[in-house]
>>> print(open('start.cif').read())   # mmCIF, C-alpha atoms
data_final
#
loop_
_atom_site.label_atom_id
_atom_site.label_comp_id
_atom_site.auth_asym_id
_atom_site.auth_seq_id
_atom_site.Cartn_x
_atom_site.Cartn_y
_atom_site.Cartn_z
CA MET A 1 -8.34 -4.69 5.23
CA ASP A 2 -7.70 -4.32 8.96
CA THR A 3 -4.27 -3.42 10.22
CA LEU A 4 -2.80 -6.08 12.44
CA ALA A 5 -2.14 -5.45 16.07
CA SER A 6 -0.66 -7.50 18.84
CA VAL A 7 -2.88 -9.97 20.67
CA SER A 8 -1.02 -9.15 23.84
CA GLY A 9 -2.10 -6.10 25.80
CA SER A 10 -4.00 -4.92 28.80
CA SER A 11 -7.47 -5.18 27.34
CA PRO A 12 -9.18 -8.52 28.11
CA ARG A 13 -11.43 -8.20 25.07
CA ARG A 14 -10.30 -8.27 21.46
CA SER A 15 -12.13 -7.20 18.37
CA ALA A 16 -13.46 -10.13 16.35
CA ARG A 17 -12.29 -8.29 13.21
CA LEU A 18 -8.78 -8.34 14.66
CA VAL A 19 -8.89 -11.89 15.95
CA SER A 20 -9.85 -13.34 12.57
CA TRP A 21 -6.24 -12.69 11.52
CA ARG A 22 -4.90 -14.66 14.47
CA TRP A 23 -5.71 -17.98 12.82
CA ALA A 24 -2.70 -17.26 10.58
CA THR A 25 -0.18 -16.94 13.42
CA PRO A 26 2.29 -19.75 14.17
CA GLU A 27 0.65 -20.25 17.59
CA ALA A 28 -2.76 -20.68 16.00
CA GLN A 29 -1.40 -23.00 13.34
CA ALA A 30 0.06 -25.26 16.04
CA VAL A 31 -3.35 -25.42 17.73
CA LEU A 32 -5.21 -26.05 14.47
CA ALA A 33 -2.76 -28.79 13.49
CA THR A 34 -4.03 -30.89 16.42
CA ARG A 35 -7.60 -30.82 15.01
CA ASP A 36 -8.63 -31.05 18.65
CA LEU A 37 -11.87 -29.14 19.16
CA ALA A 38 -11.24 -28.69 22.89
CA SER A 39 -7.87 -26.99 22.27
CA ILE A 40 -9.29 -24.88 19.44
CA LEU A 41 -12.18 -23.66 21.60
CA ARG A 42 -9.86 -22.74 24.45
CA TYR A 43 -7.55 -20.87 22.08
CA TYR A 44 -10.49 -19.06 20.50
CA ARG A 45 -11.74 -17.90 23.89
CA HIS A 46 -8.22 -16.86 24.95
CA VAL A 47 -7.70 -14.69 21.89
CA HIS A 48 -11.18 -13.15 22.07
CA GLY A 49 -11.12 -12.75 25.81
CA THR A 50 -14.59 -14.32 26.04
CA ASN A 51 -16.08 -16.73 28.57
CA GLN A 52 -17.83 -20.02 27.91
CA THR A 53 -21.28 -18.42 28.06
CA GLU A 54 -20.44 -15.94 25.30
CA THR A 55 -18.79 -18.63 23.18
CA GLY A 56 -21.86 -20.81 23.68
CA LYS A 57 -24.11 -18.05 22.35
CA LEU A 58 -21.92 -17.80 19.27
CA LEU A 59 -22.16 -21.55 18.66
CA GLY A 60 -25.77 -21.97 19.74
CA TYR A 61 -24.80 -24.15 22.73
CA ASP A 62 -25.21 -23.56 26.45
CA LYS A 63 -22.29 -22.97 28.83
CA THR A 64 -22.27 -26.49 30.25
CA TYR A 65 -22.03 -28.02 26.78
CA VAL A 66 -19.10 -25.77 25.85
CA SER A 67 -17.41 -26.71 29.12
CA ALA A 68 -17.94 -30.41 28.37
CA LEU A 69 -16.43 -29.97 24.91
CA GLU A 70 -13.37 -28.20 26.31
CA LEU A 71 -12.86 -30.86 28.98
CA GLY A 72 -13.22 -33.66 26.45
CA LYS A 73 -16.29 -35.06 28.15
CA ARG A 74 -18.35 -34.54 25.01
CA ARG A 75 -17.23 -34.88 21.41
CA LEU A 76 -18.64 -33.77 18.09
CA THR A 77 -18.40 -36.50 15.49
CA ASP A 78 -21.11 -35.75 12.93
CA VAL A 79 -20.00 -33.72 9.91
CA GLY A 80 -22.92 -31.30 10.14
CA SER A 81 -22.04 -30.18 13.68
CA LEU A 82 -18.34 -29.87 12.84
CA ARG A 83 -19.13 -27.73 9.81
CA HIS A 84 -21.41 -25.56 11.93
CA VAL A 85 -18.69 -24.92 14.53
CA ALA A 86 -16.09 -24.29 11.86
CA GLU A 87 -18.32 -21.72 10.17
CA ARG A 88 -19.02 -19.89 13.44
CA LEU A 89 -15.30 -19.80 14.31
CA ALA A 90 -14.34 -18.63 10.77
CA LEU A 91 -12.37 -21.81 10.10
CA PRO A 92 -12.24 -24.10 7.07
CA PRO A 93 -14.12 -27.36 7.83
CA HIS A 94 -11.02 -29.51 7.37
CA ALA A 95 -9.45 -27.75 10.39
CA LEU A 96 -11.90 -29.73 12.53
CA GLY A 97 -11.56 -32.91 10.51
CA ALA A 98 -14.69 -32.42 8.41
CA THR A 99 -14.41 -32.72 4.66
CA ASP A 100 -16.37 -30.30 2.53
CA PRO A 101 -16.86 -29.81 -1.23
CA ALA A 102 -15.64 -26.24 -0.70
CA ASP A 103 -12.22 -27.63 0.23
CA THR A 104 -11.73 -28.75 -3.37
CA ASP A 105 -12.59 -25.27 -4.58
CA HIS A 106 -10.24 -23.84 -1.97
CA ARG A 107 -7.30 -25.95 -3.15
CA ALA A 108 -8.05 -25.11 -6.77
CA MET A 109 -8.17 -21.40 -5.93
CA ILE A 110 -4.81 -21.54 -4.15
CA GLN A 111 -3.23 -23.38 -7.07
CA PHE A 112 -4.73 -21.02 -9.63
CA GLY A 113 -3.84 -17.95 -7.58
CA THR A 114 -0.25 -19.06 -7.14
CA SER A 115 0.08 -19.66 -10.88
CA THR A 116 -1.51 -16.28 -11.62
CA VAL A 117 1.01 -14.45 -9.41
CA ARG A 118 3.92 -16.35 -10.97
CA LEU A 119 2.80 -15.75 -14.56
CA ALA A 120 2.01 -12.11 -13.84
CA GLU A 121 5.55 -11.62 -12.59
CA VAL A 122 6.90 -13.18 -15.79
CA ALA A 123 4.69 -10.88 -17.85
CA ARG A 124 5.86 -7.81 -15.92
CA GLN A 125 9.51 -8.70 -16.39
CA CYS A 126 8.86 -9.14 -20.12
CA GLY A 127 7.48 -5.60 -20.37
CA ARG A 128 3.77 -6.52 -20.23
CA ALA A 129 2.97 -4.96 -16.87
CA ALA A 130 -0.53 -3.87 -17.96
CA GLU A 131 -1.45 -7.51 -18.59
CA ALA A 132 -0.04 -8.43 -15.17
CA VAL A 133 -2.29 -5.81 -13.53
CA ALA A 134 -5.32 -7.11 -15.44
CA GLU A 135 -4.75 -10.61 -14.04
CA LEU A 136 -3.76 -9.64 -10.50
CA TRP A 137 -6.52 -7.16 -9.78
CA PRO A 138 -9.43 -9.66 -9.78
CA LEU A 139 -7.34 -12.18 -7.83
CA VAL A 140 -6.61 -9.65 -5.08
CA ALA A 141 -10.26 -8.61 -4.97
CA ARG A 142 -11.36 -12.23 -4.60
CA LEU A 143 -8.84 -12.97 -1.85
CA GLU A 144 -9.76 -9.81 0.07
CA ALA A 145 -13.43 -10.74 -0.15
CA ARG A 146 -12.64 -14.17 1.33
CA ALA A 147 -10.67 -12.53 4.14
CA ARG A 148 -13.54 -10.16 4.93
CA ASP A 149 -15.87 -13.16 5.08
CA GLY A 150 -13.63 -14.78 7.68
CA SER A 151 -11.70 -17.19 5.42
CA THR A 152 -8.33 -16.39 6.92
CA GLU A 153 -6.51 -19.66 6.34
CA ARG A 154 -2.76 -19.30 6.37
CA ASP A 155 -2.31 -20.24 2.72
CA VAL A 156 -4.98 -17.71 1.67
CA LEU A 157 -3.29 -14.90 3.58
CA ARG A 158 0.13 -15.80 2.24
CA LEU A 159 -1.23 -15.77 -1.31
CA LEU A 160 -2.93 -12.44 -0.61
CA ALA A 161 0.38 -10.95 0.55
CA HIS A 162 2.20 -12.09 -2.60
CA ALA A 163 -0.64 -10.95 -4.86
CA ARG A 164 -0.71 -7.48 -3.32
CA LEU A 165 3.05 -7.17 -3.69
CA SER A 166 2.93 -8.24 -7.33
CA LEU A 167 0.00 -5.91 -8.05
CA GLY A 168 1.78 -2.94 -6.50
CA THR A 169 4.98 -3.66 -8.41
CA ALA A 170 3.11 -4.04 -11.71
CA LEU A 171 1.20 -0.80 -11.11
CA GLY A 172 4.54 0.88 -10.51
CA ASN A 173 5.47 -0.01 -14.08
CA VAL A 174 2.31 1.33 -15.76
CA LEU A 175 1.03 4.27 -13.73
CA PRO A 176 2.05 7.83 -14.63
CA GLU A 177 4.67 9.25 -12.32
CA GLU A 178 2.24 11.50 -10.45
CA ARG A 179 0.24 8.41 -9.40
CA LEU A 180 3.05 6.09 -8.37
CA ALA A 181 2.01 6.47 -4.73
CA THR A 182 -0.90 4.15 -5.61
CA ALA A 183 1.59 1.37 -6.33
CA ALA A 184 3.24 1.96 -2.95
CA HIS A 185 -0.21 1.84 -1.34
CA TRP A 186 -0.72 -1.74 -2.56
CA THR A 187 2.70 -2.96 -1.48
CA ALA A 188 2.04 -1.34 1.91
CA LYS A 189 -1.19 -3.33 2.22
CA SER A 190 0.82 -6.52 1.89
CA LEU A 191 2.66 -5.60 5.09
CA GLU A 192 -0.65 -5.77 6.97
CA VAL A 193 -0.84 -9.46 6.13
CA VAL A 194 2.86 -10.27 6.42
CA ARG A 195 2.88 -9.19 10.06
CA ALA A 196 0.66 -12.17 10.83
CA PHE A 197 3.48 -14.54 9.87
CA ASP A 198 6.69 -15.30 11.69
CA ASP A 199 8.58 -15.51 8.41
CA PRO A 200 11.74 -13.37 8.09
CA ALA A 201 12.15 -14.17 4.38
CA LEU A 202 8.60 -13.07 3.55
CA THR A 203 8.97 -9.98 5.74
CA THR A 204 12.21 -9.06 3.97
CA THR A 205 10.61 -9.48 0.54
CA ALA A 206 7.60 -7.34 1.46
CA LEU A 207 9.72 -4.56 2.96
CA ARG A 208 12.09 -4.65 -0.02
CA MET A 209 9.36 -4.40 -2.63
CA HIS A 210 7.45 -1.75 -0.68
CA GLY A 211 10.60 0.29 -0.13
CA ASN A 212 11.39 0.23 -3.83
CA GLU A 213 7.90 1.45 -4.75
CA LEU A 214 8.28 4.26 -2.21
CA ARG A 215 11.54 5.21 -3.91
CA LYS A 216 9.90 5.31 -7.33
CA ALA A 217 7.11 7.47 -5.89
CA GLY A 218 9.72 9.96 -4.66
CA LEU A 219 9.16 9.19 -0.96
CA LEU A 220 12.87 8.75 -0.41
CA GLY A 221 13.02 9.04 3.37
CA ALA A 222 10.33 6.39 3.83
CA ALA A 223 11.99 4.23 1.16
CA VAL A 224 15.35 4.29 2.97
CA GLU A 225 13.63 3.42 6.25
CA ARG A 226 11.78 0.42 4.80
CA LEU A 227 14.77 -0.84 2.85
CA SER A 228 16.97 -0.53 5.93
CA GLN A 229 14.40 -2.59 7.83
CA ALA A 230 14.46 -5.17 5.04
CA ALA A 231 18.26 -5.42 5.17
CA SER A 232 18.12 -5.90 8.95
CA ALA A 233 15.38 -8.53 8.71
CA ALA A 234 17.09 -10.53 5.95
CA PRO A 235 17.66 -14.09 7.22
CA GLY A 236 20.57 -14.83 4.88
CA ALA A 237 23.07 -13.47 2.39
CA GLU A 238 20.83 -14.04 -0.64
CA GLN A 239 17.96 -12.02 0.82
CA ARG A 240 20.27 -9.27 2.06
CA ALA A 241 22.00 -9.05 -1.32
CA ALA A 242 18.60 -8.51 -2.98
CA VAL A 243 17.95 -5.50 -0.72
CA LEU A 244 21.31 -3.71 -0.79
CA PRO A 245 21.24 -2.44 -4.42
CA LEU A 246 17.81 -0.91 -3.84
CA LEU A 247 18.95 0.60 -0.55
CA ALA A 248 21.98 2.07 -2.31
CA ARG A 249 19.76 3.60 -4.99
CA ALA A 250 17.38 5.14 -2.44
CA ALA A 251 20.21 6.43 -0.25
CA GLY A 252 21.95 7.93 -3.27
CA ALA A 253 18.78 9.65 -4.46
CA LEU A 254 18.30 11.01 -0.93
CA GLY A 255 21.85 12.37 -0.96
CA ASN A 256 22.95 10.19 1.96
CA ALA A 257 26.51 9.49 0.82
CA PRO A 258 27.67 7.41 3.85
CA LEU A 259 24.69 5.04 3.64
CA PHE A 260 25.02 4.84 -0.15
CA ASP A 261 28.70 3.92 0.14
CA ARG A 262 28.08 1.26 2.79
CA ALA A 263 25.22 -0.38 0.89
CA ALA A 264 27.02 -0.30 -2.47
CA ARG A 265 30.24 -1.65 -0.97
CA GLU A 266 28.53 -4.55 0.79
CA ALA A 267 26.53 -5.37 -2.34
CA HIS A 268 29.78 -5.65 -4.30
CA GLU A 269 31.31 -7.84 -1.58
CA LEU A 270 28.37 -10.24 -1.75
CA LEU A 271 28.66 -10.73 -5.53
CA ASP A 272 31.16 -13.55 -5.05
CA THR A 273 28.99 -15.43 -2.57
CA VAL A 274 25.42 -15.20 -3.92
CA GLU A 275 23.69 -16.15 -7.14
CA HIS A 276 23.46 -13.31 -9.63
CA THR A 277 20.02 -11.97 -10.49
CA SER A 278 18.63 -9.20 -12.68
CA LEU A 279 19.58 -6.71 -9.96
CA VAL A 280 22.42 -8.41 -8.10
CA ASN A 281 25.12 -8.48 -10.76
CA PRO A 282 28.19 -6.40 -11.73
CA THR A 283 26.42 -4.52 -14.54
CA ALA A 284 23.54 -3.32 -12.36
CA LEU A 285 25.85 -2.34 -9.52
CA TYR A 286 28.09 -0.44 -11.95
CA GLU A 287 25.14 1.71 -13.02
CA ILE A 288 23.86 2.13 -9.46
CA ARG A 289 27.27 3.34 -8.27
CA LEU A 290 27.58 5.75 -11.19
CA ARG A 291 24.18 7.28 -10.52
CA GLY A 292 24.77 7.40 -6.77
CA LEU A 293 28.04 9.28 -7.16
CA ILE A 294 26.28 11.93 -9.23
CA SER A 295 23.36 12.16 -6.80
CA THR A 296 25.68 12.61 -3.81
CA GLY A 297 27.62 15.40 -5.50
CA ARG A 298 30.81 13.52 -6.38
CA THR A 299 31.03 14.41 -10.05
CA ARG A 300 34.76 13.77 -10.43
CA ASP A 301 34.44 10.30 -8.92
CA ALA A 302 31.51 9.62 -11.27
CA ILE A 303 33.56 10.69 -14.30
CA ARG A 304 36.45 8.42 -13.27
CA HIS A 305 34.00 5.58 -12.73
CA ALA A 306 32.45 6.15 -16.18
CA GLU A 307 35.88 6.11 -17.78
CA SER A 308 36.56 2.63 -16.39
CA ALA A 309 35.49 -0.27 -18.54
CA PRO A 310 31.96 -1.44 -17.61
CA PRO A 311 31.73 -5.08 -16.52
CA VAL A 312 30.92 -7.74 -19.07
CA PRO A 313 27.18 -8.57 -18.78
CA THR A 314 26.32 -11.98 -17.39
CA LEU A 315 23.39 -14.15 -18.36
CA ALA A 316 21.51 -12.88 -15.30
CA VAL A 317 21.42 -9.30 -16.57
CA ALA A 318 18.07 -8.17 -17.97
CA PRO A 319 18.37 -6.59 -21.44
CA GLN A 320 17.06 -3.21 -20.26
CA TRP A 321 20.05 -2.78 -17.95
CA ARG A 322 22.25 -2.10 -20.97
CA VAL A 323 19.89 0.74 -21.91
CA ILE A 324 19.82 2.03 -18.34
CA GLU A 325 23.61 2.00 -18.18
CA LEU A 326 23.87 4.01 -21.41
CA ILE A 327 21.31 6.56 -20.20
CA THR A 328 23.15 7.04 -16.92
CA THR A 329 26.60 7.21 -18.51
CA GLY A 330 25.60 9.72 -21.21
CA PRO A 331 25.04 12.71 -18.89
CA VAL A 332 28.26 11.85 -17.03
CA ARG A 333 30.19 12.05 -20.29
CA LEU A 334 28.54 15.43 -20.89
CA LEU A 335 29.66 16.64 -17.47
CA ALA A 336 33.17 15.59 -18.45
CA GLY A 337 32.93 17.85 -21.52
CA ASP A 338 32.50 15.03 -24.03
CA ARG A 339 29.36 16.21 -25.85
CA HIS A 340 29.95 13.95 -28.84
CA GLY A 341 30.42 10.86 -26.64
CA ALA A 342 27.31 11.72 -24.63
CA ALA A 343 25.22 12.10 -27.78
CA GLN A 344 26.46 8.74 -29.11
CA LEU A 345 25.61 6.95 -25.88
CA LEU A 346 22.08 8.38 -25.76
CA ALA A 347 21.48 7.65 -29.43
CA THR A 348 22.58 4.05 -28.81
CA ALA A 349 20.25 3.86 -25.81
CA ILE A 350 17.29 4.91 -27.97
CA ARG A 351 18.14 2.38 -30.68
CA GLU A 352 18.51 -0.47 -28.17
CA ALA A 353 15.31 0.52 -26.36
CA GLN A 354 13.45 0.43 -29.65
CA ALA A 355 15.04 -2.90 -30.59
CA GLN A 356 13.94 -4.38 -27.25
CA ARG A 357 10.45 -2.85 -27.64
CA LEU A 358 10.69 -1.27 -24.20
CA PRO A 359 7.33 0.44 -23.52
CA PRO A 360 7.09 4.19 -22.98
CA PRO A 361 5.72 5.55 -19.70
CA ALA A 362 1.94 5.47 -19.41
CA SER A 363 1.81 9.26 -19.30
CA ALA A 364 3.48 9.45 -22.73
CA ARG A 365 0.78 7.42 -24.47
CA PRO A 366 -2.09 9.14 -26.25
CA ALA A 367 -5.22 9.42 -24.10
CA HIS A 368 -7.32 7.22 -26.40
CA HIS A 369 -4.64 4.50 -26.18
CA ARG A 370 -4.79 4.63 -22.39
CA ARG A 371 -8.59 4.35 -22.45
CA GLN A 372 -8.41 1.43 -24.85
CA ALA A 373 -5.84 -0.34 -22.65
CA ALA A 374 -8.07 0.15 -19.61
CA GLY A 375 -11.01 -1.35 -21.50
CA ASP A 376 -8.89 -4.30 -22.58
CA SER A 377 -7.89 -4.89 -18.96
CA ARG A 378 -11.49 -4.89 -17.78
CA ARG A 379 -12.50 -7.35 -20.47
CA ARG A 380 -9.72 -9.71 -19.44
CA HIS A 381 -10.68 -9.79 -15.77
CA SER A 382 -12.79 -12.91 -16.15
CA ARG A 383 -10.16 -14.92 -17.98
CA PHE A 384 -7.87 -17.51 -16.47
CA GLY A 385 -4.14 -17.30 -17.18
CA LEU A 386 -2.26 -14.60 -19.01
CA ALA A 387 -3.59 -13.61 -22.40
CA ALA A 388 -1.16 -13.44 -25.28
CA HIS A 389 -1.05 -10.06 -26.95
CA ARG A 390 1.05 -8.54 -29.65
CA ASP A 391 4.37 -6.95 -28.77
CA ARG A 392 4.28 -3.25 -28.05
CA ARG A 393 6.65 -1.04 -30.00
CA VAL A 394 8.17 2.07 -28.52
CA ALA A 395 5.71 4.92 -29.05
CA GLY A 396 6.49 8.33 -30.46
CA GLY A 397 6.79 9.71 -26.95
CA MET A 398 10.19 8.05 -26.81
CA CYS A 399 11.59 10.82 -28.99
CA ARG A 400 10.35 13.71 -26.86
CA VAL A 401 12.94 15.12 -24.50
CA THR A 402 12.80 15.83 -20.80
CA ARG A 403 15.29 18.02 -18.94
CA VAL A 404 16.71 15.90 -16.12
CA GLN A 405 19.62 18.05 -14.99
CA PRO A 406 21.14 21.36 -16.08
CA ASN A 407 22.12 21.29 -19.75
CA VAL A 408 21.32 17.57 -20.06
CA LEU A 409 18.41 16.39 -22.21
CA LEU A 410 17.12 12.83 -22.19
CA PRO A 411 14.32 11.11 -24.12
CA SER A 412 11.23 11.05 -21.92
CA GLY A 413 10.61 7.34 -22.35
CA VAL A 414 14.13 6.22 -21.48
CA SER A 415 14.31 8.73 -18.65
CA SER A 416 11.23 7.14 -17.12
CA LEU A 417 12.77 3.71 -17.62
CA VAL A 418 15.72 4.74 -15.46
CA SER A 419 13.55 6.15 -12.70
CA ARG A 420 11.32 3.05 -12.54
CA SER A 421 13.86 0.32 -13.11
CA LYS A 422 14.70 -1.98 -10.27
#
>>> encode(input="start.cif", output="structure tokens")
Amino acid sequence: MDTLASVSGSSPRRSARLVSWRWATPEAQAVLATRDLASILRYYRHVHGTNQTETGKLLGYDKTYVSALELGKRRLTDVGSLRHVAERLALPPHALGATDPADTDHRAMIQFGTSTVRLAEVARQCGRAAEAVAELWPLVARLEARARDGSTERDVLRLLAHARLSLGTALGNVLPEERLATAAHWTAKSLEVVRAFDDPALTTTALRMHGNELRKAGLLGAAVERLSQAASAAPGAEQRAAVLPLLARAAGALGNAPLFDRAAREAHELLDTVEHTSLVNPTALYEIRLRGLISTGRTRDAIRHAESAPPVPTLAVAPQWRVIELITTGPVRLLAGDRHGAAQLLATAIREAQAQRLPPPASARPAHHRRQAAGDSRRRHSRFGLAAHRDRRVAGGMCRVTRVQPNVLLPSGVSSLVSRSK
């Protein structure tokens, strides 16, 4: 997909591949809303930097006829001619007032695609990220094919942006750690589309999700940059509150104590003014602060924080956050010299992870299981909606240990859960 660039500039000519995106801009939408062919032709020539002769060649008309259309001296009223012009300008027929059977298919695709993205997000949050990928991949491929063919309606591009974001986030839950950059690649591709919209909320969401995938891929500097951009672009308190916990996590992992403190402090301040979510709540922020203090070298502060009573979970807290909190607190108790307490916390984390059927990381699954899962995903590509599959139990890889800091051993599955959690 082509990277967006500004239509302003010194060059009088623009690439047609670039200009196809310009139908999604607010300026273009205002022109298209008039359904006035004269205005649409003038806008098309302005963006392309073409004259009436060149536009006439594209449409199969001579210069004088194009001039007459732009001046309103001639009008196209028959459906066939309107469809022809719409096709040549890479517009849906209804933009020129012509109905077309394809419009029904278009509306059905938008409705189906929107439902697919929504249900895939539900599946991912329920621990079925592989199923979400299986549903999102063909949708993204179909939308990208439409965009390459010139179908760059605003609703198609908006759906494409959301689908890419959801696909990247789902991939971030199933790919092995050494391939998490692939997830960030897909969320980055959504930014190419988002730039075509003058929508601060959508921009904030895209930057937030992309920044978080960069963090999970270990690209901490880039993650902090994107998440900082998201916080700056946020149009309101709710959107900013959704960014700050992720920014605090990335800043803490990077060792940037001042930025971590500012982000964590503001996130806490916003708790009383915004609706709590799976990430914006006292329990999640408690764990994020604890981990950030360790990452920024303030062990004593982390121990004091761990000794304070954790907040009572609210209904907004996802079940896995209890496991994440236990995993983070265990090593802190060990640093405080409480080996018995640390062992109890980690044992409890394993039991609760098993009770919640939290999946192990993809890299911990046997190779033949991964191949079977890939085959299942390919077979589901042609299906509509999310398929119902049996619950996955925690695999044996959960009991293997991974060294995460000096003298601290954690189960590999729960360790991965911490690193990938939102």
>>> closest_residue(input="start.cif", among="A:Ala253, A:Leu58, A:Leu326, A:Leu71", to="Gly221 of chain A", atoms="only C-alpha atoms")
A:Ala253
>>> resolve_selection(input="start.cif", expression="the PyMOL selection byres ((chain A and resi 123) around 12)", output="PyMOL selection string")
chain A and resi 116-122+124-136+166-167+169-170+173+385-389+391
>>> residues_around(input="start.cif", residues="Leu41 of chain A", least_positions_apart="6", cutoff="10 Å", atoms="only C-alpha atoms", output="PyMOL selection string")
chain A and resi 31+52+55+66-67+69-70+85+89
>>> resolve_selection(input="start.cif", expression="the PyMOL selection byres ((chain A and resi 198) around 12)", output="PyMOL selection string")
chain A and resi 22+24-29+154+158+193-197+199-204+233+235
>>> atom_distance(input="start.cif", atom1="atom CA of Arg208 of chain A", atom2="atom CA of Ala284 of chain A")
16.9 Å
>>> residues_near_point(input="start.cif", point="(-7.9, -22.0, 21.4)", cutoff="12 Å", atoms="all atoms listed in the file", output="compact mmCIF listing (two decimals) with C-alpha atoms, in the coordinates of the input")
# COMPACT_ATOMS: atom_id res chain seq x y z
CA VAL A 19 -8.89 -11.89 15.95
CA ARG A 22 -4.90 -14.66 14.47
CA TRP A 23 -5.71 -17.98 12.82
CA GLU A 27 0.65 -20.25 17.59
CA ALA A 28 -2.76 -20.68 16.00
CA GLN A 29 -1.40 -23.00 13.34
CA ALA A 30 0.06 -25.26 16.04
CA VAL A 31 -3.35 -25.42 17.73
CA LEU A 32 -5.21 -26.05 14.47
CA ALA A 33 -2.76 -28.79 13.49
CA THR A 34 -4.03 -30.89 16.42
CA ARG A 35 -7.60 -30.82 15.01
CA ASP A 36 -8.63 -31.05 18.65
CA LEU A 37 -11.87 -29.14 19.16
CA ALA A 38 -11.24 -28.69 22.89
CA SER A 39 -7.87 -26.99 22.27
CA ILE A 40 -9.29 -24.88 19.44
CA LEU A 41 -12.18 -23.66 21.60
CA ARG A 42 -9.86 -22.74 24.45
CA TYR A 43 -7.55 -20.87 22.08
CA TYR A 44 -10.49 -19.06 20.50
CA ARG A 45 -11.74 -17.90 23.89
CA HIS A 46 -8.22 -16.86 24.95
CA VAL A 47 -7.70 -14.69 21.89
CA HIS A 48 -11.18 -13.15 22.07
CA GLY A 49 -11.12 -12.75 25.81
CA THR A 50 -14.59 -14.32 26.04
CA THR A 55 -18.79 -18.63 23.18
CA GLU A 70 -13.37 -28.20 26.31
CA LEU A 89 -15.30 -19.80 14.31
